[in-house]
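Below is the file structure.cif, which contains mmCIF, N, CA and C atoms.
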```
data_upload
#
loop_
_atom_site.group_PDB
_atom_site.id
_atom_site.type_symbol
_atom_site.label_atom_id
_atom_site.label_comp_id
_atom_site.auth_asym_id
_atom_site.auth_seq_id
_atom_site.Cartn_x
_atom_site.Cartn_y
_atom_site.Cartn_z
ATOM 1 N N MET Q 1 -5.857 -42.247 40.333
ATOM 2 C CA MET Q 1 -4.501 -41.951 40.768
ATOM 3 C C MET Q 1 -3.529 -42.466 39.728
ATOM 4 N N ALA Q 2 -2.483 -41.747 39.504
ATOM 5 C CA ALA Q 2 -1.472 -42.134 38.525
ATOM 6 C C ALA Q 2 -0.665 -43.315 39.044
ATOM 7 N N THR Q 3 -0.243 -44.157 38.140
ATOM 8 C CA THR Q 3 0.567 -45.313 38.502
ATOM 9 C C THR Q 3 1.988 -44.858 38.813
ATOM 10 N N ARG Q 4 2.521 -45.416 39.885
ATOM 11 C CA ARG Q 4 3.875 -45.038 40.283
ATOM 12 C C ARG Q 4 4.877 -46.018 39.678
ATOM 13 N N THR Q 5 5.944 -45.438 39.141
ATOM 14 C CA THR Q 5 7.034 -46.234 38.594
ATOM 15 C C THR Q 5 8.333 -45.612 39.077
ATOM 16 N N ASN Q 6 9.180 -46.392 39.640
ATOM 17 C CA ASN Q 6 10.474 -45.909 40.149
ATOM 18 C C ASN Q 6 10.295 -44.756 41.131
ATOM 19 N N GLY Q 7 9.210 -44.752 41.884
ATOM 20 C CA GLY Q 7 9.012 -43.727 42.898
ATOM 21 C C GLY Q 7 8.501 -42.398 42.370
ATOM 22 N N SER Q 8 8.161 -42.304 41.070
ATOM 23 C CA SER Q 8 7.650 -41.046 40.539
ATOM 24 C C SER Q 8 6.204 -41.228 40.078
ATOM 25 N N ALA Q 9 5.487 -40.131 39.997
ATOM 26 C CA ALA Q 9 4.090 -40.185 39.580
ATOM 27 C C ALA Q 9 3.907 -39.323 38.341
ATOM 28 N N ALA Q 10 3.032 -39.780 37.463
ATOM 29 C CA ALA Q 10 2.726 -39.001 36.264
ATOM 30 C C ALA Q 10 1.963 -37.748 36.674
ATOM 31 N N PRO Q 11 2.148 -36.627 35.968
ATOM 32 C CA PRO Q 11 1.421 -35.408 36.322
ATOM 33 C C PRO Q 11 -0.079 -35.594 36.108
ATOM 34 N N VAL Q 12 -0.849 -34.992 36.975
ATOM 35 C CA VAL Q 12 -2.306 -35.080 36.907
ATOM 36 C C VAL Q 12 -2.862 -33.682 36.764
ATOM 37 N N CYS Q 13 -3.815 -33.519 35.851
ATOM 38 C CA CYS Q 13 -4.463 -32.226 35.640
ATOM 39 C C CYS Q 13 -5.879 -32.302 36.202
ATOM 40 N N PRO Q 14 -6.135 -31.651 37.336
ATOM 41 C CA PRO Q 14 -7.483 -31.728 37.906
ATOM 42 C C PRO Q 14 -8.467 -30.952 37.024
ATOM 43 N N THR Q 15 -9.599 -31.583 36.742
ATOM 44 C CA THR Q 15 -10.637 -30.932 35.945
ATOM 45 C C THR Q 15 -11.977 -31.098 36.633
ATOM 46 N N VAL Q 16 -12.869 -30.197 36.345
ATOM 47 C CA VAL Q 16 -14.233 -30.288 36.842
ATOM 48 C C VAL Q 16 -15.106 -30.552 35.625
ATOM 49 N N ARG Q 17 -15.741 -31.706 35.578
ATOM 50 C CA ARG Q 17 -16.497 -32.092 34.402
ATOM 51 C C ARG Q 17 -17.766 -31.273 34.203
ATOM 52 N N SER Q 18 -18.242 -30.592 35.230
ATOM 53 C CA SER Q 18 -19.469 -29.817 35.082
ATOM 54 C C SER Q 18 -19.225 -28.503 34.337
ATOM 55 N N GLN Q 19 -17.967 -28.087 34.237
ATOM 56 C CA GLN Q 19 -17.652 -26.848 33.525
ATOM 57 C C GLN Q 19 -17.560 -27.107 32.031
ATOM 58 N N ALA Q 20 -18.131 -26.179 31.257
ATOM 59 C CA ALA Q 20 -18.038 -26.285 29.807
ATOM 60 C C ALA Q 20 -16.632 -25.921 29.361
ATOM 61 N N ILE Q 21 -16.178 -26.574 28.331
ATOM 62 C CA ILE Q 21 -14.862 -26.260 27.785
ATOM 63 C C ILE Q 21 -14.968 -24.944 27.029
ATOM 64 N N PRO Q 22 -14.117 -23.970 27.341
ATOM 65 C CA PRO Q 22 -14.208 -22.679 26.650
ATOM 66 C C PRO Q 22 -13.876 -22.838 25.168
ATOM 67 N N PRO Q 23 -14.462 -21.988 24.321
ATOM 68 C CA PRO Q 23 -14.166 -22.102 22.891
ATOM 69 C C PRO Q 23 -12.700 -21.777 22.617
ATOM 70 N N GLN Q 24 -12.141 -22.502 21.701
ATOM 71 C CA GLN Q 24 -10.739 -22.306 21.339
ATOM 72 C C GLN Q 24 -10.659 -21.445 20.094
ATOM 73 N N PRO Q 25 -9.749 -20.480 20.076
ATOM 74 C CA PRO Q 25 -9.615 -19.670 18.861
ATOM 75 C C PRO Q 25 -9.111 -20.537 17.715
ATOM 76 N N SER Q 26 -9.658 -20.305 16.560
ATOM 77 C CA SER Q 26 -9.213 -21.065 15.402
ATOM 78 C C SER Q 26 -8.899 -20.102 14.274
ATOM 79 N N VAL Q 27 -7.945 -20.471 13.517
ATOM 80 C CA VAL Q 27 -7.543 -19.659 12.383
ATOM 81 C C VAL Q 27 -7.788 -20.480 11.139
ATOM 82 N N LYS Q 28 -8.641 -19.987 10.286
ATOM 83 C CA LYS Q 28 -8.934 -20.688 9.041
ATOM 84 C C LYS Q 28 -8.142 -20.025 7.931
ATOM 85 N N ARG Q 29 -7.107 -20.693 7.500
ATOM 86 C CA ARG Q 29 -6.264 -20.171 6.438
ATOM 87 C C ARG Q 29 -6.222 -21.190 5.311
ATOM 88 N N PRO Q 30 -6.313 -20.719 4.091
ATOM 89 C CA PRO Q 30 -6.197 -21.676 2.993
ATOM 90 C C PRO Q 30 -4.784 -22.226 2.907
ATOM 91 N N GLY Q 31 -4.663 -23.451 2.451
ATOM 92 C CA GLY Q 31 -3.350 -24.031 2.271
ATOM 93 C C GLY Q 31 -2.644 -23.406 1.077
ATOM 94 N N LEU Q 32 -1.345 -23.392 1.135
ATOM 95 C CA LEU Q 32 -0.564 -22.841 0.032
ATOM 96 C C LEU Q 32 -0.167 -23.969 -0.916
ATOM 97 N N PRO Q 33 -0.145 -23.670 -2.221
ATOM 98 C CA PRO Q 33 0.219 -24.715 -3.176
ATOM 99 C C PRO Q 33 1.705 -25.065 -3.091
ATOM 100 N N ARG Q 34 2.039 -26.240 -3.568
ATOM 101 C CA ARG Q 34 3.432 -26.699 -3.608
ATOM 102 C C ARG Q 34 4.190 -25.895 -4.665
ATOM 103 N N VAL Q 35 5.412 -25.519 -4.356
ATOM 104 C CA VAL Q 35 6.222 -24.762 -5.315
ATOM 105 C C VAL Q 35 7.216 -25.699 -5.988
ATOM 106 N N TYR Q 36 7.407 -25.517 -7.280
ATOM 107 C CA TYR Q 36 8.299 -26.400 -8.023
ATOM 108 C C TYR Q 36 9.119 -25.670 -9.077
ATOM 109 N N ASP Q 37 8.774 -24.400 -9.364
ATOM 110 C CA ASP Q 37 9.566 -23.612 -10.302
ATOM 111 C C ASP Q 37 9.359 -22.134 -9.970
ATOM 112 N N LEU Q 38 10.063 -21.257 -10.676
ATOM 113 C CA LEU Q 38 10.006 -19.831 -10.366
ATOM 114 C C LEU Q 38 8.591 -19.260 -10.453
ATOM 115 N N PRO Q 39 7.797 -19.544 -11.499
ATOM 116 C CA PRO Q 39 6.432 -19.000 -11.533
ATOM 117 C C PRO Q 39 5.581 -19.457 -10.343
ATOM 118 N N SER Q 40 5.734 -20.713 -9.911
ATOM 119 C CA SER Q 40 4.951 -21.183 -8.770
ATOM 120 C C SER Q 40 5.423 -20.529 -7.472
ATOM 121 N N VAL Q 41 6.733 -20.240 -7.352
ATOM 122 C CA VAL Q 41 7.250 -19.530 -6.176
ATOM 123 C C VAL Q 41 6.663 -18.125 -6.128
ATOM 124 N N ILE Q 42 6.670 -17.445 -7.278
ATOM 125 C CA ILE Q 42 6.117 -16.085 -7.343
ATOM 126 C C ILE Q 42 4.636 -16.096 -6.995
ATOM 127 N N ASN Q 43 3.897 -17.070 -7.527
ATOM 128 C CA ASN Q 43 2.469 -17.179 -7.235
ATOM 129 C C ASN Q 43 2.227 -17.403 -5.745
ATOM 130 N N THR Q 44 2.992 -18.302 -5.138
ATOM 131 C CA THR Q 44 2.834 -18.593 -3.710
ATOM 132 C C THR Q 44 3.185 -17.371 -2.861
ATOM 133 N N LEU Q 45 4.261 -16.682 -3.210
ATOM 134 C CA LEU Q 45 4.629 -15.470 -2.471
ATOM 135 C C LEU Q 45 3.534 -14.409 -2.578
ATOM 136 N N ASN Q 46 2.956 -14.258 -3.763
ATOM 137 C CA ASN Q 46 1.861 -13.305 -3.923
ATOM 138 C C ASN Q 46 0.665 -13.681 -3.058
ATOM 139 N N GLN Q 47 0.383 -14.982 -2.942
ATOM 140 C CA GLN Q 47 -0.718 -15.421 -2.080
ATOM 141 C C GLN Q 47 -0.415 -15.135 -0.613
ATOM 142 N N ILE Q 48 0.824 -15.366 -0.187
ATOM 143 C CA ILE Q 48 1.205 -15.073 1.198
ATOM 144 C C ILE Q 48 1.084 -13.578 1.469
ATOM 145 N N ILE Q 49 1.575 -12.755 0.538
ATOM 146 C CA ILE Q 49 1.477 -11.299 0.698
ATOM 147 C C ILE Q 49 0.020 -10.879 0.789
ATOM 148 N N TYR Q 50 -0.827 -11.461 -0.054
ATOM 149 C CA TYR Q 50 -2.251 -11.119 -0.017
ATOM 150 C C TYR Q 50 -2.856 -11.487 1.333
ATOM 151 N N MET Q 51 -2.536 -12.700 1.832
ATOM 152 C CA MET Q 51 -3.106 -13.130 3.120
ATOM 153 C C MET Q 51 -2.628 -12.242 4.257
ATOM 154 N N LEU Q 52 -1.364 -11.827 4.231
ATOM 155 C CA LEU Q 52 -0.850 -10.975 5.302
ATOM 156 C C LEU Q 52 -1.432 -9.567 5.218
ATOM 157 N N ASN Q 53 -1.665 -9.077 4.006
ATOM 158 C CA ASN Q 53 -2.215 -7.728 3.844
ATOM 159 C C ASN Q 53 -3.727 -7.686 3.962
ATOM 160 N N ASN Q 54 -4.394 -8.841 3.884
ATOM 161 C CA ASN Q 54 -5.850 -8.915 3.972
ATOM 162 C C ASN Q 54 -6.258 -10.012 4.947
ATOM 163 N N PRO Q 55 -6.020 -9.784 6.239
ATOM 164 C CA PRO Q 55 -6.368 -10.818 7.214
ATOM 165 C C PRO Q 55 -7.879 -11.026 7.256
ATOM 166 N N PRO Q 56 -8.352 -12.180 7.774
ATOM 167 C CA PRO Q 56 -9.788 -12.409 7.892
ATOM 168 C C PRO Q 56 -10.460 -11.269 8.655
ATOM 169 N N ASP Q 57 -11.757 -11.084 8.408
ATOM 170 C CA ASP Q 57 -12.500 -9.955 8.980
ATOM 171 C C ASP Q 57 -12.416 -9.871 10.494
ATOM 172 N N ASN Q 58 -12.366 -11.004 11.166
ATOM 173 C CA ASN Q 58 -12.377 -10.956 12.625
ATOM 174 C C ASN Q 58 -10.984 -10.703 13.219
ATOM 175 N N PHE Q 59 -9.955 -10.588 12.380
ATOM 176 C CA PHE Q 59 -8.611 -10.291 12.881
ATOM 177 C C PHE Q 59 -8.245 -8.845 12.595
ATOM 178 N N GLN Q 60 -7.580 -8.245 13.556
ATOM 179 C CA GLN Q 60 -7.119 -6.864 13.414
ATOM 180 C C GLN Q 60 -5.606 -6.851 13.580
ATOM 181 N N GLU Q 61 -4.931 -6.161 12.666
ATOM 182 C CA GLU Q 61 -3.481 -6.051 12.768
ATOM 183 C C GLU Q 61 -3.137 -5.110 13.909
ATOM 184 N N VAL Q 62 -2.274 -5.568 14.806
ATOM 185 C CA VAL Q 62 -1.876 -4.791 15.966
ATOM 186 C C VAL Q 62 -0.484 -4.205 15.779
ATOM 187 N N GLN Q 63 0.401 -4.991 15.179
ATOM 188 C CA GLN Q 63 1.788 -4.542 15.038
ATOM 189 C C GLN Q 63 2.412 -5.200 13.810
ATOM 190 N N ARG Q 64 3.275 -4.439 13.116
ATOM 191 C CA ARG Q 64 4.005 -4.954 11.955
ATOM 192 C C ARG Q 64 5.410 -4.366 11.956
ATOM 193 N N VAL Q 65 6.417 -5.228 11.786
ATOM 194 C CA VAL Q 65 7.808 -4.788 11.691
ATOM 195 C C VAL Q 65 8.328 -5.279 10.343
ATOM 196 N N THR Q 66 8.839 -4.340 9.532
ATOM 197 C CA THR Q 66 9.338 -4.698 8.202
ATOM 198 C C THR Q 66 10.776 -4.210 8.025
ATOM 199 N N GLU Q 67 11.417 -4.727 7.003
ATOM 200 C CA GLU Q 67 12.731 -4.232 6.602
ATOM 201 C C GLU Q 67 12.870 -4.452 5.101
ATOM 202 N N VAL Q 68 13.646 -3.609 4.462
ATOM 203 C CA VAL Q 68 13.904 -3.752 3.038
ATOM 204 C C VAL Q 68 15.130 -4.641 2.863
ATOM 205 N N VAL Q 69 14.960 -5.684 2.055
ATOM 206 C CA VAL Q 69 16.024 -6.658 1.826
ATOM 207 C C VAL Q 69 16.329 -6.684 0.327
ATOM 208 N N ARG Q 70 17.574 -6.639 -0.023
ATOM 209 C CA ARG Q 70 17.992 -6.713 -1.428
ATOM 210 C C ARG Q 70 18.259 -8.179 -1.769
ATOM 211 N N VAL Q 71 17.547 -8.676 -2.779
ATOM 212 C CA VAL Q 71 17.671 -10.063 -3.212
ATOM 213 C C VAL Q 71 18.362 -10.067 -4.571
ATOM 214 N N PHE Q 72 19.476 -10.798 -4.659
ATOM 215 C CA PHE Q 72 20.275 -10.845 -5.883
ATOM 216 C C PHE Q 72 19.976 -12.106 -6.681
ATOM 217 N N ASN Q 73 20.108 -11.991 -7.979
ATOM 218 C CA ASN Q 73 20.043 -13.147 -8.860
ATOM 219 C C ASN Q 73 21.309 -13.970 -8.596
ATOM 220 N N PRO Q 74 21.179 -15.261 -8.250
ATOM 221 C CA PRO Q 74 22.377 -16.050 -7.926
ATOM 222 C C PRO Q 74 23.308 -16.244 -9.126
ATOM 223 N N ASN Q 75 22.791 -16.066 -10.344
ATOM 224 C CA ASN Q 75 23.615 -16.244 -11.535
ATOM 225 C C ASN Q 75 24.215 -14.940 -12.047
ATOM 226 N N ASP Q 76 23.692 -13.816 -11.557
ATOM 227 C CA ASP Q 76 24.187 -12.517 -12.033
ATOM 228 C C ASP Q 76 23.944 -11.494 -10.930
ATOM 229 N N ASN Q 77 24.996 -11.136 -10.178
ATOM 230 C CA ASN Q 77 24.809 -10.236 -9.045
ATOM 231 C C ASN Q 77 24.573 -8.786 -9.469
ATOM 232 N N GLN Q 78 24.544 -8.533 -10.765
ATOM 233 C CA GLN Q 78 24.167 -7.203 -11.246
ATOM 234 C C GLN Q 78 22.647 -7.059 -11.315
ATOM 235 N N GLN Q 79 21.932 -8.170 -11.193
ATOM 236 C CA GLN Q 79 20.471 -8.157 -11.189
ATOM 237 C C GLN Q 79 19.982 -8.354 -9.758
ATOM 238 N N TRP Q 80 19.176 -7.426 -9.291
ATOM 239 C CA TRP Q 80 18.665 -7.511 -7.933
ATOM 240 C C TRP Q 80 17.323 -6.801 -7.848
ATOM 241 N N VAL Q 81 16.640 -7.054 -6.754
ATOM 242 C CA VAL Q 81 15.372 -6.399 -6.480
ATOM 243 C C VAL Q 81 15.304 -6.123 -4.986
ATOM 244 N N ASP Q 82 14.764 -4.960 -4.617
ATOM 245 C CA ASP Q 82 14.545 -4.637 -3.206
ATOM 246 C C ASP Q 82 13.147 -5.070 -2.825
ATOM 247 N N VAL Q 83 13.052 -5.825 -1.736
ATOM 248 C CA VAL Q 83 11.781 -6.378 -1.277
ATOM 249 C C VAL Q 83 11.539 -5.923 0.154
ATOM 250 N N GLU Q 84 10.322 -5.474 0.429
ATOM 251 C CA GLU Q 84 9.965 -5.158 1.813
ATOM 252 C C GLU Q 84 9.487 -6.445 2.468
ATOM 253 N N ARG Q 85 10.269 -6.924 3.431
ATOM 254 C CA ARG Q 85 9.972 -8.191 4.095
ATOM 255 C C ARG Q 85 9.320 -7.919 5.447
ATOM 256 N N ILE Q 86 8.268 -8.650 5.742
ATOM 257 C CA ILE Q 86 7.628 -8.562 7.058
ATOM 258 C C ILE Q 86 8.397 -9.483 7.994
ATOM 259 N N ASN Q 87 9.018 -8.900 9.009
ATOM 260 C CA ASN Q 87 9.773 -9.695 9.985
ATOM 261 C C ASN Q 87 8.904 -10.121 11.160
ATOM 262 N N TYR Q 88 7.885 -9.327 11.469
ATOM 263 C CA TYR Q 88 7.017 -9.647 12.602
ATOM 264 C C TYR Q 88 5.631 -9.079 12.328
ATOM 265 N N LEU Q 89 4.614 -9.872 12.599
ATOM 266 C CA LEU Q 89 3.237 -9.438 12.428
ATOM 267 C C LEU Q 89 2.415 -9.978 13.586
ATOM 268 N N LYS Q 90 1.640 -9.105 14.201
ATOM 269 C CA LYS Q 90 0.796 -9.497 15.327
ATOM 270 C C LYS Q 90 -0.649 -9.179 14.974
ATOM 271 N N LEU Q 91 -1.505 -10.224 14.992
ATOM 272 C CA LEU Q 91 -2.929 -10.076 14.724
ATOM 273 C C LEU Q 91 -3.706 -10.480 15.969
ATOM 274 N N THR Q 92 -4.830 -9.786 16.218
ATOM 275 C CA THR Q 92 -5.690 -10.112 17.356
ATOM 276 C C THR Q 92 -7.080 -10.436 16.841
ATOM 277 N N ASP Q 93 -7.648 -11.541 17.329
ATOM 278 C CA ASP Q 93 -9.008 -11.936 16.987
ATOM 279 C C ASP Q 93 -9.961 -11.052 17.772
ATOM 280 N N LYS Q 94 -10.832 -10.312 17.071
ATOM 281 C CA LYS Q 94 -11.755 -9.388 17.738
ATOM 282 C C LYS Q 94 -12.775 -10.132 18.592
ATOM 283 N N ASP Q 95 -13.110 -11.365 18.218
ATOM 284 C CA ASP Q 95 -14.134 -12.121 18.937
ATOM 285 C C ASP Q 95 -13.607 -12.788 20.201
ATOM 286 N N THR Q 96 -12.443 -13.420 20.093
ATOM 287 C CA THR Q 96 -11.939 -14.211 21.220
ATOM 288 C C THR Q 96 -10.789 -13.553 21.962
ATOM 289 N N GLY Q 97 -10.158 -12.549 21.339
ATOM 290 C CA GLY Q 97 -8.990 -11.935 21.949
ATOM 291 C C GLY Q 97 -7.715 -12.723 21.717
ATOM 292 N N GLY Q 98 -7.830 -13.868 21.027
ATOM 293 C CA GLY Q 98 -6.658 -14.671 20.717
ATOM 294 C C GLY Q 98 -5.715 -13.908 19.804
ATOM 295 N N GLN Q 99 -4.454 -14.255 19.852
ATOM 296 C CA GLN Q 99 -3.464 -13.553 19.053
ATOM 297 C C GLN Q 99 -2.690 -14.523 18.168
ATOM 298 N N ILE Q 100 -2.297 -13.991 17.018
ATOM 299 C CA ILE Q 100 -1.382 -14.702 16.132
ATOM 300 C C ILE Q 100 -0.126 -13.849 16.058
ATOM 301 N N ASN Q 101 0.998 -14.420 16.430
ATOM 302 C CA ASN Q 101 2.281 -13.746 16.322
ATOM 303 C C ASN Q 101 3.080 -14.477 15.260
ATOM 304 N N TRP Q 102 3.336 -13.795 14.153
ATOM 305 C CA TRP Q 102 4.097 -14.385 13.061
ATOM 306 C C TRP Q 102 5.452 -13.721 13.011
ATOM 307 N N GLU Q 103 6.491 -14.536 12.998
ATOM 308 C CA GLU Q 103 7.848 -14.003 12.988
ATOM 309 C C GLU Q 103 8.640 -14.681 11.886
ATOM 310 N N TYR Q 104 9.371 -13.882 11.131
ATOM 311 C CA TYR Q 104 10.180 -14.420 10.029
ATOM 312 C C TYR Q 104 11.382 -15.132 10.581
#
```
File written out as structure tokens:
Amino acid sequence: MATRTNGSAAPVCPTVRSQAIPPQPSVKRPGLPRVYDLPSVINTLNQIIYMLNNPPDNFQEVQRVTEVVRVFNPNDNQQWVDVERINYLKLTDKDTGGQINWEY
């Protein structure tokens, strides 16, 4: 029983010890390197794009929402690039049914 303090009780979660704990979905993703200059930022972004475009074999892409964003050079607004940004990505684990919802 939970200890009472000031007339309230701590929440209790009833469990049955004879039941096996169901497997938990896990996502194994490599860590991204630390960014410190423009080449490292570009490298990290390329790795993120690769991971999003090539999910692990047991994940299936269910939904993707993108938009084109114009990114300007902060030192010269005549220089810009259009980038397709993923705003939302939904992946489903084929084995467990678990989902990953990634939102920008």
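Atom pair atom CA of Q:Arg64 / atom CA of Q:Lys90 has a distance of 6.5 Å (rounded to one decimal).
Take the candidates Q:Ile49, Q:Trp80, Q:Ile86, Q:Leu91 and check each one against Q:Thr66 using only C-alpha atoms; the shortest distance goes to Q:Ile86.
When atom CA of Q:Leu89 is paired with atom N of Q:Val71, their separation reads 20.9 Å.
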(message) What's the separation between atom C of Q:Asp76 and atom C of Q:Leu38, in Å to one decimal place?
(response) 17.2 Å
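Using all atoms listed in the file, the nearest neighbour of Q:Val68 within the list Q:Asn54, Q:Asn46, Q:Gly97, Q:Arg85 is Q:Arg85.
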Give, as lines of an AutoDock Vina configuration file, the centre coordinates and the x, y and z edge lengths in Å to one decimal for an axis-aligned box around all listed atoms of stretch 76-94 of chain Q, padded by 8 Å on each side.
```
center_x = 6.1
center_y = -9.2
center_z = 3.3
size_x = 53.8
size_y = 25.2
size_z = 46.6
```
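Take the candidates Q:Asn87, Q:Thr92, Q:Gly98, Q:Ser40 and check each one against Q:Phe59 using only C-alpha atoms; the shortest distance goes to Q:Thr92.
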Rebuild stretch 70-84 of chain Q to N, CA, C and O atoms - output it as a PDB file, in the coordinates of the input, please.
```pdb
ATOM      1  N   ARG Q  70      17.574  -6.639  -0.023  1.00  0.00           N
ATOM      2  CA  ARG Q  70      17.992  -6.713  -1.428  1.00  0.00           C
ATOM      3  C   ARG Q  70      18.259  -8.179  -1.769  1.00  0.00           C
ATOM      4  O   ARG Q  70      19.088  -8.840  -1.153  1.00  0.00           O
ATOM      5  N   VAL Q  71      17.547  -8.676  -2.779  1.00  0.00           N
ATOM      6  CA  VAL Q  71      17.671 -10.063  -3.212  1.00  0.00           C
ATOM      7  C   VAL Q  71      18.362 -10.067  -4.571  1.00  0.00           C
ATOM      8  O   VAL Q  71      17.906  -9.418  -5.506  1.00  0.00           O
ATOM      9  N   PHE Q  72      19.476 -10.798  -4.659  1.00  0.00           N
ATOM     10  CA  PHE Q  72      20.275 -10.845  -5.883  1.00  0.00           C
ATOM     11  C   PHE Q  72      19.976 -12.106  -6.681  1.00  0.00           C
ATOM     12  O   PHE Q  72      19.674 -13.159  -6.115  1.00  0.00           O
ATOM     13  N   ASN Q  73      20.108 -11.991  -7.979  1.00  0.00           N
ATOM     14  CA  ASN Q  73      20.043 -13.147  -8.860  1.00  0.00           C
ATOM     15  C   ASN Q  73      21.309 -13.970  -8.596  1.00  0.00           C
ATOM     16  O   ASN Q  73      22.420 -13.445  -8.701  1.00  0.00           O
ATOM     17  N   PRO Q  74      21.179 -15.261  -8.250  1.00  0.00           N
ATOM     18  CA  PRO Q  74      22.377 -16.050  -7.926  1.00  0.00           C
ATOM     19  C   PRO Q  74      23.308 -16.244  -9.126  1.00  0.00           C
ATOM     20  O   PRO Q  74      24.492 -16.514  -8.946  1.00  0.00           O
ATOM     21  N   ASN Q  75      22.791 -16.066 -10.344  1.00  0.00           N
ATOM     22  CA  ASN Q  75      23.615 -16.244 -11.535  1.00  0.00           C
ATOM     23  C   ASN Q  75      24.215 -14.940 -12.047  1.00  0.00           C
ATOM     24  O   ASN Q  75      25.103 -14.966 -12.892  1.00  0.00           O
ATOM     25  N   ASP Q  76      23.692 -13.816 -11.557  1.00  0.00           N
ATOM     26  CA  ASP Q  76      24.187 -12.517 -12.033  1.00  0.00           C
ATOM     27  C   ASP Q  76      23.944 -11.494 -10.930  1.00  0.00           C
ATOM     28  O   ASP Q  76      22.834 -11.004 -10.755  1.00  0.00           O
ATOM     29  N   ASN Q  77      24.996 -11.136 -10.178  1.00  0.00           N
ATOM     30  CA  ASN Q  77      24.809 -10.236  -9.045  1.00  0.00           C
ATOM     31  C   ASN Q  77      24.573  -8.786  -9.469  1.00  0.00           C
ATOM     32  O   ASN Q  77      24.405  -7.916  -8.629  1.00  0.00           O
ATOM     33  N   GLN Q  78      24.544  -8.533 -10.765  1.00  0.00           N
ATOM     34  CA  GLN Q  78      24.167  -7.203 -11.246  1.00  0.00           C
ATOM     35  C   GLN Q  78      22.647  -7.059 -11.315  1.00  0.00           C
ATOM     36  O   GLN Q  78      22.133  -5.956 -11.485  1.00  0.00           O
ATOM     37  N   GLN Q  79      21.932  -8.170 -11.193  1.00  0.00           N
ATOM     38  CA  GLN Q  79      20.471  -8.157 -11.189  1.00  0.00           C
ATOM     39  C   GLN Q  79      19.982  -8.354  -9.758  1.00  0.00           C
ATOM     40  O   GLN Q  79      20.354  -9.328  -9.109  1.00  0.00           O
ATOM     41  N   TRP Q  80      19.176  -7.426  -9.291  1.00  0.00           N
ATOM     42  CA  TRP Q  80      18.665  -7.511  -7.933  1.00  0.00           C
ATOM     43  C   TRP Q  80      17.323  -6.801  -7.848  1.00  0.00           C
ATOM     44  O   TRP Q  80      16.936  -6.054  -8.737  1.00  0.00           O
ATOM     45  N   VAL Q  81      16.640  -7.054  -6.754  1.00  0.00           N
ATOM     46  CA  VAL Q  81      15.372  -6.399  -6.480  1.00  0.00           C
ATOM     47  C   VAL Q  81      15.304  -6.123  -4.986  1.00  0.00           C
ATOM     48  O   VAL Q  81      15.779  -6.918  -4.173  1.00  0.00           O
ATOM     49  N   ASP Q  82      14.764  -4.960  -4.617  1.00  0.00           N
ATOM     50  CA  ASP Q  82      14.545  -4.637  -3.206  1.00  0.00           C
ATOM     51  C   ASP Q  82      13.147  -5.070  -2.825  1.00  0.00           C
ATOM     52  O   ASP Q  82      12.171  -4.722  -3.500  1.00  0.00           O
ATOM     53  N   VAL Q  83      13.052  -5.825  -1.736  1.00  0.00           N
ATOM     54  CA  VAL Q  83      11.781  -6.378  -1.277  1.00  0.00           C
ATOM     55  C   VAL Q  83      11.539  -5.923   0.154  1.00  0.00           C
ATOM     56  O   VAL Q  83      12.443  -5.982   0.992  1.00  0.00           O
ATOM     57  N   GLU Q  84      10.322  -5.474   0.429  1.00  0.00           N
ATOM     58  CA  GLU Q  84       9.965  -5.158   1.813  1.00  0.00           C
ATOM     59  C   GLU Q  84       9.487  -6.445   2.468  1.00  0.00           C
ATOM     60  O   GLU Q  84       8.472  -7.008   2.092  1.00  0.00           O
TER      61      GLU Q  84
END
```
